[in-house]
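Peer 1: Dropping in input_30.txt, which is compact mmCIF, C-alpha atoms:
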# COMPACT_ATOMS: atom_id res chain seq x y z
CA MET D 1053 10.77 15.63 22.73
CA THR D 1054 11.99 12.09 22.47
CA ILE D 1055 11.60 9.84 25.46
CA LYS D 1056 14.81 8.78 27.20
CA VAL D 1057 16.09 6.28 29.73
CA GLY D 1058 14.62 7.07 33.15
CA ASP D 1059 11.40 8.57 31.78
CA LYS D 1060 8.01 7.11 32.54
CA LEU D 1061 6.04 6.10 29.46
CA PRO D 1062 2.98 8.26 28.75
CA ASP D 1063 -0.37 6.63 29.44
CA VAL D 1064 -1.74 6.53 25.92
CA PRO D 1065 -4.21 3.80 24.97
CA LEU D 1066 -3.22 1.26 22.35
CA LYS D 1067 -5.22 -1.50 20.71
CA HIS D 1068 -4.71 -5.17 20.04
CA MET D 1069 -6.74 -7.82 18.27
CA THR D 1070 -8.67 -10.35 20.32
CA ALA D 1071 -11.04 -13.18 19.42
CA ASN D 1072 -13.84 -10.61 19.86
CA GLY D 1073 -12.28 -7.94 17.68
CA PRO D 1074 -10.05 -4.96 18.48
CA ALA D 1075 -9.73 -4.16 22.18
CA GLU D 1076 -8.17 -1.23 23.96
CA ILE D 1077 -5.22 -1.66 26.27
CA THR D 1078 -3.83 1.26 28.25
CA SER D 1079 -0.11 1.66 28.75
CA ALA D 1080 -0.86 1.43 32.47
CA GLU D 1081 -2.35 -2.07 32.04
CA LEU D 1082 0.46 -3.06 29.75
CA PHE D 1083 3.42 -1.90 31.81
CA LYS D 1084 2.36 -1.76 35.48
CA GLY D 1085 4.53 -4.02 37.63
CA LYS D 1086 5.98 -5.76 34.59
CA THR D 1087 9.18 -5.98 32.62
CA VAL D 1088 8.32 -5.46 28.98
CA ALA D 1089 10.54 -5.83 25.93
CA LEU D 1090 8.88 -3.49 23.45
CA PHE D 1091 10.03 -3.18 19.88
CA ALA D 1092 8.53 -0.91 17.26
CA LEU D 1093 8.84 -0.72 13.51
CA PRO D 1094 7.66 1.34 10.55
CA GLY D 1095 5.05 -1.05 9.23
CA ALA D 1096 3.37 -4.44 9.31
CA PHE D 1097 4.11 -6.69 6.37
CA THR D 1098 7.24 -4.70 5.41
CA PRO D 1099 10.34 -6.66 4.45
CA THR D 1100 12.82 -5.98 7.27
CA CYS D 1101 10.11 -6.28 9.91
CA SER D 1102 8.65 -9.52 8.59
CA ALA D 1103 11.91 -11.15 7.64
CA LYS D 1104 14.01 -10.28 10.65
CA HIS D 1105 12.63 -8.12 13.44
CA VAL D 1106 9.57 -10.15 14.49
CA PRO D 1107 11.15 -13.58 13.84
CA GLY D 1108 14.16 -12.44 15.86
CA PHE D 1109 12.08 -11.72 18.96
CA LEU D 1110 10.02 -14.86 18.41
CA GLY D 1111 13.21 -16.94 18.24
CA LYS D 1112 14.59 -15.38 21.42
CA TYR D 1113 11.30 -15.64 23.30
CA SER D 1114 12.48 -18.28 25.78
CA GLU D 1115 15.74 -16.46 26.47
CA LEU D 1116 13.92 -13.17 27.03
CA LYS D 1117 11.50 -14.86 29.44
CA ALA D 1118 14.41 -16.52 31.23
CA LYS D 1119 15.94 -13.10 31.77
CA GLY D 1120 12.80 -11.82 33.49
CA VAL D 1121 10.79 -10.34 30.64
CA ASP D 1122 7.06 -10.70 31.32
CA THR D 1123 5.79 -9.43 28.00
CA VAL D 1124 7.31 -9.18 24.53
CA ALA D 1125 5.40 -6.58 22.54
CA CYS D 1126 5.62 -5.35 18.95
CA LEU D 1127 4.20 -1.92 18.10
CA SER D 1128 3.46 -0.29 14.78
CA VAL D 1129 1.38 2.59 13.46
CA ASN D 1130 -1.09 0.19 11.86
CA ASP D 1131 -4.58 -0.59 13.07
CA ALA D 1132 -5.56 -3.61 15.16
CA PHE D 1133 -6.99 -5.42 12.12
CA VAL D 1134 -3.68 -5.21 10.29
CA MET D 1135 -1.61 -6.03 13.37
CA GLY D 1136 -3.83 -9.01 14.11
CA ALA D 1137 -3.52 -10.28 10.54
CA TRP D 1138 0.23 -9.75 10.57
CA GLY D 1139 0.59 -11.59 13.87
CA LYS D 1140 -1.21 -14.58 12.36
CA ASP D 1141 0.95 -14.37 9.24
CA GLN D 1142 4.08 -14.33 11.40
CA LYS D 1143 2.70 -17.08 13.66
CA VAL D 1144 3.50 -15.18 16.85
CA GLU D 1145 0.68 -16.99 18.70
CA ASP D 1146 0.54 -15.60 22.23
CA LYS D 1147 4.28 -15.01 22.47
CA ILE D 1148 4.37 -11.51 21.03
CA LEU D 1149 1.66 -8.98 21.82
CA MET D 1150 0.93 -7.15 18.56
CA LEU D 1151 0.16 -3.56 19.55
CA ALA D 1152 -1.70 -1.22 17.22
CA ASP D 1153 -0.97 2.49 17.50
CA GLY D 1154 -3.27 3.17 14.57
CA SER D 1155 -3.49 6.92 14.92
CA GLY D 1156 0.15 7.29 15.98
CA ASP D 1157 -0.77 8.81 19.36
CA PHE D 1158 1.60 6.72 21.47
CA THR D 1159 4.40 7.07 18.93
CA LYS D 1160 4.01 10.86 18.83
CA ALA D 1161 3.86 11.01 22.64
CA VAL D 1162 7.21 9.22 22.92
CA GLY D 1163 8.65 11.44 20.17
CA LEU D 1164 9.61 8.54 17.94
CA SER D 1165 7.55 9.38 14.85
CA LEU D 1166 8.92 8.97 11.37
CA ASP D 1167 7.33 10.82 8.45
CA LEU D 1168 7.06 8.34 5.58
CA THR D 1169 4.46 10.37 3.69
CA PRO D 1170 6.72 10.60 0.60
CA HIS D 1171 6.74 6.78 0.57
CA GLY D 1172 2.96 6.60 0.71
CA MET D 1173 2.90 5.45 4.32
CA GLY D 1174 1.95 8.56 6.28
CA VAL D 1175 3.46 9.13 9.72
CA ARG D 1176 4.87 5.95 11.23
CA SER D 1177 7.15 4.85 14.04
CA LYS D 1178 10.92 4.76 13.96
CA ARG D 1179 12.38 1.31 14.44
CA TYR D 1180 13.43 0.93 18.05
CA ALA D 1181 13.46 -1.38 21.01
CA MET D 1182 13.15 -0.59 24.69
CA ILE D 1183 13.15 -2.38 27.98
CA VAL D 1184 10.46 -1.01 30.27
CA LYS D 1185 10.22 -1.84 33.96
CA ASP D 1186 7.04 -0.84 35.76
CA GLY D 1187 6.41 1.81 33.12
CA VAL D 1188 9.89 3.34 33.25
CA VAL D 1189 12.27 3.15 30.29
CA LYS D 1190 15.41 1.28 31.36
CA HIS D 1191 16.98 0.83 27.95
CA LEU D 1192 16.24 2.49 24.62
CA ALA D 1193 17.82 1.77 21.25
CA VAL D 1194 16.60 3.64 18.18
CA GLU D 1195 17.80 2.64 14.71
CA GLU D 1196 19.37 5.56 12.84
CA ASN D 1197 18.40 3.85 9.59
CA PRO D 1198 14.81 2.58 9.87
CA GLY D 1199 15.44 0.06 7.07
CA GLY D 1200 18.22 -1.62 9.01
CA LEU D 1201 18.18 -3.84 12.05
CA ASP D 1202 21.05 -3.48 14.44
CA VAL D 1203 20.65 -1.91 17.89
CA SER D 1204 16.97 -2.83 18.18
CA SER D 1205 17.36 -6.55 17.48
CA ALA D 1206 16.29 -9.24 19.94
CA GLU D 1207 19.96 -10.11 20.47
CA LYS D 1208 20.81 -6.53 21.50
CA VAL D 1209 17.83 -6.32 23.85
CA LEU D 1210 18.86 -9.63 25.42
CA ALA D 1211 22.37 -8.31 25.94
CA ALA D 1212 20.97 -5.19 27.62
CA LEU D 1213 18.82 -7.12 30.10
CA MET L 910 -15.49 19.55 -1.45
CA SER L 911 -16.28 16.01 -2.48
CA ILE L 912 -15.82 14.86 -6.03
CA LYS L 913 -19.01 14.38 -8.03
CA VAL L 914 -20.28 12.80 -11.20
CA GLY L 915 -18.81 14.59 -14.23
CA ASP L 916 -15.57 15.57 -12.45
CA LYS L 917 -12.19 14.41 -13.65
CA LEU L 918 -10.21 12.49 -11.04
CA PRO L 919 -7.15 14.33 -9.72
CA ASP L 920 -3.81 12.98 -10.89
CA VAL L 921 -2.45 11.80 -7.56
CA PRO L 922 -0.01 8.90 -7.51
CA LEU L 923 -1.00 5.68 -5.78
CA LYS L 924 0.98 2.55 -5.06
CA HIS L 925 0.46 -1.15 -5.57
CA MET L 926 2.47 -4.20 -4.70
CA THR L 927 4.41 -5.99 -7.43
CA ALA L 928 6.76 -8.97 -7.45
CA ASN L 929 9.56 -6.43 -7.07
CA GLY L 930 8.01 -4.54 -4.16
CA PRO L 931 5.80 -1.45 -4.00
CA ALA L 932 5.50 0.47 -7.28
CA GLU L 933 3.92 3.81 -8.07
CA ILE L 934 0.98 4.09 -10.41
CA THR L 935 -0.38 7.47 -11.40
CA ALA L 936 -4.07 8.12 -11.72
CA ALA L 937 -3.38 8.92 -15.39
CA GLU L 938 -1.89 5.45 -16.02
CA LEU L 939 -4.71 3.85 -14.14
CA PHE L 940 -7.64 5.59 -15.74
CA LYS L 941 -6.61 6.83 -19.21
CA GLY L 942 -8.80 5.38 -21.94
CA LYS L 943 -10.24 2.79 -19.58
CA THR L 944 -13.44 1.98 -17.76
CA VAL L 945 -12.57 1.36 -14.14
CA ALA L 946 -14.78 0.09 -11.34
CA LEU L 947 -13.13 1.56 -8.26
CA PHE L 948 -14.27 0.74 -4.76
CA ALA L 949 -12.77 2.09 -1.58
CA LEU L 950 -13.06 1.11 2.05
CA PRO L 951 -11.89 2.17 5.49
CA GLY L 952 -9.28 -0.51 6.02
CA ALA L 953 -7.63 -3.71 4.90
CA PHE L 954 -8.37 -6.77 7.00
CA THR L 955 -11.49 -5.16 8.52
CA PRO L 956 -14.60 -7.32 8.83
CA THR L 957 -17.08 -5.82 6.34
CA CYS L 958 -14.36 -5.27 3.75
CA SER L 959 -12.92 -8.75 4.00
CA ALA L 960 -16.16 -10.61 4.42
CA LYS L 961 -18.27 -8.84 1.83
CA HIS L 962 -16.89 -5.93 -0.17
CA VAL L 963 -13.85 -7.54 -1.78
CA PRO L 964 -15.43 -10.99 -2.25
CA GLY L 965 -18.46 -9.27 -3.79
CA PHE L 966 -16.40 -7.63 -6.54
CA PHE L 967 -14.33 -10.77 -6.96
CA GLY L 968 -17.48 -12.83 -7.46
CA LYS L 969 -18.88 -10.37 -10.02
CA TYR L 970 -15.60 -10.10 -11.93
CA SER L 971 -16.83 -11.83 -15.09
CA GLU L 972 -20.08 -9.87 -15.16
CA LEU L 973 -18.26 -6.57 -14.68
CA LYS L 974 -15.84 -7.43 -17.49
CA ALA L 975 -18.75 -8.44 -19.71
CA LYS L 976 -20.27 -5.00 -19.14
CA GLY L 977 -17.10 -3.28 -20.39
CA VAL L 978 -15.08 -2.77 -17.22
CA ASP L 979 -11.35 -2.91 -17.99
CA THR L 980 -10.04 -2.71 -14.43
CA ILE L 981 -11.52 -3.46 -11.02
CA ALA L 982 -9.61 -1.63 -8.34
CA CYS L 983 -9.86 -1.62 -4.56
CA LEU L 984 -8.45 1.37 -2.69
CA SER L 985 -7.69 1.91 0.98
CA VAL L 986 -5.60 4.21 3.12
CA ASN L 987 -3.15 1.44 3.90
CA ASP L 988 0.35 1.08 2.49
CA ALA L 989 1.32 -1.16 -0.42
CA PHE L 990 2.73 -3.82 1.91
CA VAL L 991 -0.58 -4.18 3.72
CA MET L 992 -2.65 -4.00 0.54
CA GLY L 993 -0.42 -6.63 -1.08
CA ALA L 994 -0.74 -8.92 1.93
CA TRP L 995 -4.49 -8.40 2.06
CA GLY L 996 -4.85 -9.14 -1.65
CA LYS L 997 -3.04 -12.45 -1.11
CA ASP L 998 -5.20 -13.20 1.92
CA GLN L 999 -8.34 -12.50 -0.12
CA LYS L 1000 -6.93 -14.42 -3.10
CA VAL L 1001 -7.77 -11.65 -5.58
CA GLU L 1002 -5.00 -12.81 -7.92
CA ASP L 1003 -4.84 -10.37 -10.84
CA LYS L 1004 -8.58 -9.77 -10.87
CA ILE L 1005 -8.65 -6.86 -8.44
CA LEU L 1006 -5.93 -4.21 -8.39
CA MET L 1007 -5.18 -3.47 -4.74
CA LEU L 1008 -4.40 0.25 -4.58
CA ALA L 1009 -2.55 1.75 -1.63
CA ASP L 1010 -3.25 5.38 -0.76
CA GLY L 1011 -0.97 5.12 2.24
CA SER L 1012 -0.69 8.82 3.00
CA ALA L 1013 -4.34 9.48 2.04
CA ALA L 1014 -3.33 12.03 -0.63
CA PHE L 1015 -5.74 10.67 -3.25
CA THR L 1016 -8.56 10.20 -0.74
CA LYS L 1017 -8.18 13.76 0.56
CA ALA L 1018 -8.00 15.13 -2.98
CA LEU L 1019 -11.38 13.51 -3.65
CA GLY L 1020 -12.81 14.83 -0.38
CA LEU L 1021 -13.80 11.30 0.60
CA ASP L 1022 -11.67 11.00 3.73
CA GLN L 1023 -13.06 10.28 7.19
CA ASP L 1024 -11.39 10.73 10.54
CA LEU L 1025 -11.18 7.42 12.38
CA ALA L 1026 -8.50 8.62 14.80
CA ALA L 1027 -10.90 8.01 17.68
CA ASN L 1028 -11.01 4.36 16.59
CA GLY L 1029 -7.23 4.12 16.47
CA MET L 1030 -7.16 4.17 12.70
CA GLY L 1031 -6.17 7.72 11.79
CA VAL L 1032 -7.54 9.30 8.61
CA ARG L 1033 -9.12 6.76 6.27
CA SER L 1034 -11.35 6.60 3.25
CA LYS L 1035 -15.11 6.50 3.32
CA ARG L 1036 -16.60 3.37 1.81
CA TYR L 1037 -17.65 4.13 -1.76
CA ALA L 1038 -17.67 2.82 -5.28
CA MET L 1039 -17.39 4.68 -8.55
CA ILE L 1040 -17.38 3.98 -12.23
CA VAL L 1041 -14.70 5.99 -14.00
CA LYS L 1042 -14.46 6.34 -17.76
CA ASP L 1043 -11.27 7.82 -19.17
CA GLY L 1044 -10.61 9.54 -15.86
CA VAL L 1045 -14.08 11.05 -15.50
CA VAL L 1046 -16.47 9.97 -12.73
CA LYS L 1047 -19.62 8.54 -14.32
CA HIS L 1048 -21.20 7.08 -11.20
CA LEU L 1049 -20.45 7.63 -7.53
CA ALA L 1050 -22.03 5.90 -4.54
CA VAL L 1051 -20.79 6.76 -1.06
CA GLU L 1052 -22.02 4.76 1.92
CA GLN L 1053 -23.64 7.13 4.41
CA LYS L 1054 -23.41 4.70 7.31
CA PRO L 1055 -21.28 1.68 8.19
CA GLY L 1056 -22.29 -1.26 6.08
CA LEU L 1057 -22.38 -2.30 2.49
CA ASP L 1058 -25.26 -1.16 0.35
CA VAL L 1059 -24.88 1.37 -2.48
CA SER L 1060 -21.20 0.58 -3.03
CA SER L 1061 -21.60 -3.16 -3.52
CA ALA L 1062 -20.59 -4.96 -6.69
CA GLU L 1063 -24.29 -5.59 -7.41
CA SER L 1064 -25.09 -1.87 -7.21
CA ILE L 1065 -22.18 -1.05 -9.51
CA LEU L 1066 -23.24 -3.69 -12.01
CA ALA L 1067 -26.71 -2.21 -12.05
CA ALA L 1068 -25.26 1.27 -12.71
CA LEU L 1069 -23.15 0.18 -15.68
Can the structure from this file be put into structure tokens for me?
Peer 2:
Amino acid sequence: MTIKVGDKLPDVPLKHMTANGPAEITSAELFKGKTVALFALPGAFTPTCSAKHVPGFLGKYSELKAKGVDTVACLSVNDAFVMGAWGKDQKVEDKILMLADGSGDFTKAVGLSLDLTPHGMGVRSKRYAMIVKDGVVKHLAVEENPGGLDVSSAEKVLAAL
Amino acid sequence: MSIKVGDKLPDVPLKHMTANGPAEITAAELFKGKTVALFALPGAFTPTCSAKHVPGFFGKYSELKAKGVDTIACLSVNDAFVMGAWGKDQKVEDKILMLADGSAAFTKALGLDQDLAANGMGVRSKRYAMIVKDGVVKHLAVEQKPGLDVSSAESILAAL
């Protein structure tokens, strides 16, 4: 079942790239006591994501922080190596936490999987954005068309804060 | 069952990145009438692959061609976007064809998949290298442990 506003996020470990290689981060560590703007997308290095979704959140970083967001995080069903490389490519520095849900466990647990097997991409994440306060979903916007960027944009998340 | 020397490769479509985006390439197109040095690895942008496996084949490109190899191809269970980006990062130009087996259909058909879900990587390919002539496996070397030994460019050159 898909997660909804008011639900607590499941505690599923994710990974991110560090100077010492991939490291685990639990959802508890990530979300506890914090306001997190989390956006997810079908794949690193894909056109809509690279051209608009990540740059959008990067461009609105200061405004998101000013509205009380502690962490801006980007999640995809790619491994930590790919997410780390993509973060460098997109020059997110330490502004956007690039989260790797390499086996799709978190994505499946929140019920936001997207089967892109016919496109040679396996099971991925839908494109969405959520605002999470202390682990509880306060706002959730899932794109009906994963190739488009509308309700899950940085602008829409800002407006919902 | 894993594929072995003498077997014909299954005709499973793969993808690669082109100037116009991801494009499909069938195993038939890839292998028909050609000698192909194919190496596969667990993931793009991973340390052993980036530091040694790809640069190894890149460095031996001329020697492989001189020994009759028509195509050098690198395969991973990553999508075409990632393989394209990794190819650029590794500066393979048109010397190594970066093949995306994003849904692992080819890798599973060969029986060379490995479950890296515990490492947050899902189902991937084992690290291996093969020499394929006209679609038939002539040489196959699968790494039995992490690292780069039997599937290196040097080992493939020696087997040609």
Peer 1: Quick one: contact table of chain D to chain L, 10 Å max, nearest atom pair and distance in Å to one decimal per residue, counting all atoms listed in the file, chain and number order, as a tab-separated table?
Peer 2:
residue	atom	partner	partner_atom	distance
D:Pro1065	CA	L:Gly1029	CA	9.0
D:Leu1066	CA	L:Gly1029	CA	7.7
D:Lys1067	CA	L:Gly1029	CA	7.3
D:Gly1073	CA	L:Pro956	CA	9.2
D:Pro1074	CA	L:Asn1028	CA	9.6
D:Glu1076	CA	L:Gly1029	CA	9.3
D:Gly1095	CA	L:Phe990	CA	8.2
D:Ala1096	CA	L:Val991	CA	6.8
D:Phe1097	CA	L:Phe990	CA	5.5
D:Thr1098	CA	L:Phe990	CA	5.8
D:Pro1099	CA	L:Phe990	CA	8.5
D:Val1129	CA	L:Met1030	CA	8.7
D:Asn1130	CA	L:Met1030	CA	7.3
D:Asp1131	CA	L:Met1030	CA	5.4
D:Ala1132	CA	L:Gly1029	CA	8.0
D:Phe1133	CA	L:Phe954	CA	5.5
D:Val1134	CA	L:Phe954	CA	5.9
D:Met1135	CA	L:Phe954	CA	9.3
D:Gly1136	CA	L:Phe954	CA	8.7
D:Ala1137	CA	L:Phe954	CA	7.0
D:Trp1138	CA	L:Ala994	CA	8.7
D:Asp1141	CA	L:Ala994	CA	9.3
D:Ala1152	CA	L:Gly1029	CA	7.7
D:Asp1153	CA	L:Gly1029	CA	6.6
D:Gly1154	CA	L:Met1030	CA	4.4
D:Ser1155	CA	L:Gly1031	CA	4.2
D:Gly1156	CA	L:Gly1031	CA	7.6
D:Asp1157	CA	L:Gly1029	CA	8.5
D:Asp1167	CA	L:Ser1012	CA	9.9
D:Leu1168	CA	L:Ser1012	CA	8.2
D:Thr1169	CA	L:Ser1012	CA	5.4
D:Pro1170	CA	L:Ser1012	CA	8.0
D:His1171	CA	L:Gly1011	CA	8.1
D:Gly1172	CA	L:Gly1011	CA	4.5
D:Met1173	CA	L:Gly1011	CA	4.4
D:Gly1174	CA	L:Ser1012	CA	4.2
D:Val1175	CA	L:Ser1012	CA	7.9
Peer 1: I'd like the contact shell of Asn1197 in chain D - 12 Å cut-off, all atoms listed in the file, skipping same-chain residues fewer than 2 positions apart - returned as a compact mmCIF listing (two decimals) with C-alpha atoms, in the frame of the given file.
Peer 2:
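Full text of out_17.txt as output:
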# COMPACT_ATOMS: atom_id res chain seq x y z
CA LEU D 1093 8.84 -0.72 13.51
CA PRO D 1094 7.66 1.34 10.55
CA THR D 1100 12.82 -5.98 7.27
CA LEU D 1166 8.92 8.97 11.37
CA LYS D 1178 10.92 4.76 13.96
CA ARG D 1179 12.38 1.31 14.44
CA TYR D 1180 13.43 0.93 18.05
CA ALA D 1193 17.82 1.77 21.25
CA VAL D 1194 16.60 3.64 18.18
CA GLU D 1195 17.80 2.64 14.71
CA GLY D 1199 15.44 0.06 7.07
CA GLY D 1200 18.22 -1.62 9.01
CA LEU D 1201 18.18 -3.84 12.05
CA ASP D 1202 21.05 -3.48 14.44
CA VAL D 1203 20.65 -1.91 17.89
CA SER D 1204 16.97 -2.83 18.18
Peer 1: Please measure the separation of CA of Ala1089 in chain D and CA of Ala1071 in chain D, giving the value in Å to one decimal.
Peer 2: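 Interatomic distance, CA of Ala1089 in chain D to CA of Ala1071 in chain D: 23.7 Å.
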Peer 1: Measure the distance from CA of Lys1042 in chain L to CA of Phe940 in chain L in Å and round it to one decimal.
Peer 2: 7.2 Å
Peer 1: Please write as a PyMOL selection string the list of polymer residues whose atoms come within 12 Å of (-12.7, 2.4, -13.8), counting all atoms listed in the file and keeping to the coordinates of the file.
Peer 2: chain L and resi 918+936-948+973-974+976-984+1005-1006+1038-1049+1065+1069
Peer 1: Find the distance between CA of Leu1066 in chain L and CA of Thr935 in chain L and write it in Å to one decimal.
Peer 2: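 Atom-to-atom, CA of Leu1066 in chain L to CA of Thr935 in chain L, that is 25.4 Å.
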Peer 1: Could you name the residues that touch Ser1165 in chain D at 6 Å or less, counting only C-alpha atoms, but leaving out those on the same chain fewer than 4 positions away, as a PyMOL selection string?
Peer 2: chain D and resi 1159-1160+1176-1178
Peer 1: What are the centre and edge lengths in Å, to one decimal, of the axis-aligned box around all listed atoms of range 991-999 of chain L with 4 Å added on each side, as JSON?
Peer 2:
{"center_x": -4.4, "center_y": -8.6, "center_z": 1.0, "size_x": 15.9, "size_y": 17.2, "size_z": 13.4}
Peer 1: Out of L:Ser1034, L:Leu950, L:Ser985, L:Pro964, which residue has the shortest atom-to-atom distance to Gly1056 in chain L when counting only C-alpha atoms?
Peer 2: L:Leu950
Peer 1: From the set D:Lys1185, D:His1191, D:Lys1084, D:Lys1104, which residue has the shortest atom-to-atom contact distance to Gln1142 in chain D, counting all atoms listed in the file?
Peer 2: D:Lys1104
Peer 1: From the options L:Ala928, L:Val921, L:Val914, L:Ala975, which residue's atoms come nearest to Lys1017 in chain L, counting all atoms listed in the file?
Peer 2: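 Of all the options, L:Val921 lies closest to Lys1017 in chain L.
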Peer 1: Rebuild range 1096-1114 of chain D to N, CA and C atoms - output it as a PDB file, in the frame of the given file, please.
Peer 2:
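File written: out_27.pdb
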ATOM      1  N   ALA D1096       3.697  -3.021   9.453  1.00  0.00           N
ATOM      2  CA  ALA D1096       3.370  -4.440   9.310  1.00  0.00           C
ATOM      3  C   ALA D1096       3.580  -4.866   7.868  1.00  0.00           C
ATOM      4  N   PHE D1097       3.951  -6.079   7.692  1.00  0.00           N
ATOM      5  CA  PHE D1097       4.110  -6.690   6.370  1.00  0.00           C
ATOM      6  C   PHE D1097       5.251  -6.085   5.552  1.00  0.00           C
ATOM      7  N   THR D1098       6.106  -5.258   6.176  1.00  0.00           N
ATOM      8  CA  THR D1098       7.240  -4.700   5.410  1.00  0.00           C
ATOM      9  C   THR D1098       8.425  -5.656   5.535  1.00  0.00           C
ATOM     10  N   PRO D1099       9.325  -5.601   4.558  1.00  0.00           N
ATOM     11  CA  PRO D1099      10.340  -6.660   4.450  1.00  0.00           C
ATOM     12  C   PRO D1099      11.235  -6.845   5.680  1.00  0.00           C
ATOM     13  N   THR D1100      11.911  -5.790   6.142  1.00  0.00           N
ATOM     14  CA  THR D1100      12.820  -5.980   7.270  1.00  0.00           C
ATOM     15  C   THR D1100      12.070  -6.482   8.499  1.00  0.00           C
ATOM     16  N   CYS D1101      10.887  -5.902   8.731  1.00  0.00           N
ATOM     17  CA  CYS D1101      10.110  -6.280   9.910  1.00  0.00           C
ATOM     18  C   CYS D1101       9.708  -7.736   9.857  1.00  0.00           C
ATOM     19  N   SER D1102       9.175  -8.158   8.701  1.00  0.00           N
ATOM     20  CA  SER D1102       8.650  -9.520   8.590  1.00  0.00           C
ATOM     21  C   SER D1102       9.764 -10.537   8.533  1.00  0.00           C
ATOM     22  N   ALA D1103      10.850 -10.171   7.867  1.00  0.00           N
ATOM     23  CA  ALA D1103      11.910 -11.150   7.640  1.00  0.00           C
ATOM     24  C   ALA D1103      12.841 -11.291   8.825  1.00  0.00           C
ATOM     25  N   LYS D1104      12.993 -10.229   9.606  1.00  0.00           N
ATOM     26  CA  LYS D1104      14.010 -10.280  10.650  1.00  0.00           C
ATOM     27  C   LYS D1104      13.549  -9.841  12.042  1.00  0.00           C
ATOM     28  N   HIS D1105      12.854  -8.693  12.116  1.00  0.00           N
ATOM     29  CA  HIS D1105      12.630  -8.120  13.440  1.00  0.00           C
ATOM     30  C   HIS D1105      11.695  -8.999  14.279  1.00  0.00           C
ATOM     31  N   VAL D1106      10.518  -9.308  13.750  1.00  0.00           N
ATOM     32  CA  VAL D1106       9.570 -10.150  14.490  1.00  0.00           C
ATOM     33  C   VAL D1106      10.121 -11.571  14.684  1.00  0.00           C
ATOM     34  N   PRO D1107      10.592 -12.233  13.626  1.00  0.00           N
ATOM     35  CA  PRO D1107      11.150 -13.580  13.840  1.00  0.00           C
ATOM     36  C   PRO D1107      12.297 -13.589  14.850  1.00  0.00           C
ATOM     37  N   GLY D1108      13.064 -12.522  14.892  1.00  0.00           N
ATOM     38  CA  GLY D1108      14.160 -12.440  15.860  1.00  0.00           C
ATOM     39  C   GLY D1108      13.649 -12.506  17.300  1.00  0.00           C
ATOM     40  N   PHE D1109      12.633 -11.715  17.602  1.00  0.00           N
ATOM     41  CA  PHE D1109      12.080 -11.720  18.960  1.00  0.00           C
ATOM     42  C   PHE D1109      11.349 -13.029  19.252  1.00  0.00           C
ATOM     43  N   LEU D1110      10.712 -13.579  18.234  1.00  0.00           N
ATOM     44  CA  LEU D1110      10.020 -14.860  18.410  1.00  0.00           C
ATOM     45  C   LEU D1110      11.048 -15.953  18.736  1.00  0.00           C
ATOM     46  N   GLY D1111      12.162 -15.936  18.026  1.00  0.00           N
ATOM     47  CA  GLY D1111      13.210 -16.940  18.240  1.00  0.00           C
ATOM     48  C   GLY D1111      13.878 -16.817  19.601  1.00  0.00           C
ATOM     49  N   LYS D1112      13.926 -15.600  20.130  1.00  0.00           N
ATOM     50  CA  LYS D1112      14.590 -15.380  21.420  1.00  0.00           C
ATOM     51  C   LYS D1112      13.585 -15.334  22.573  1.00  0.00           C
ATOM     52  N   TYR D1113      12.358 -15.727  22.294  1.00  0.00           N
ATOM     53  CA  TYR D1113      11.300 -15.640  23.300  1.00  0.00           C
ATOM     54  C   TYR D1113      11.690 -16.308  24.625  1.00  0.00           C
ATOM     55  N   SER D1114      12.157 -17.543  24.552  1.00  0.00           N
ATOM     56  CA  SER D1114      12.480 -18.280  25.780  1.00  0.00           C
ATOM     57  C   SER D1114      13.620 -17.607  26.543  1.00  0.00           C
TER      58      SER D1114
END
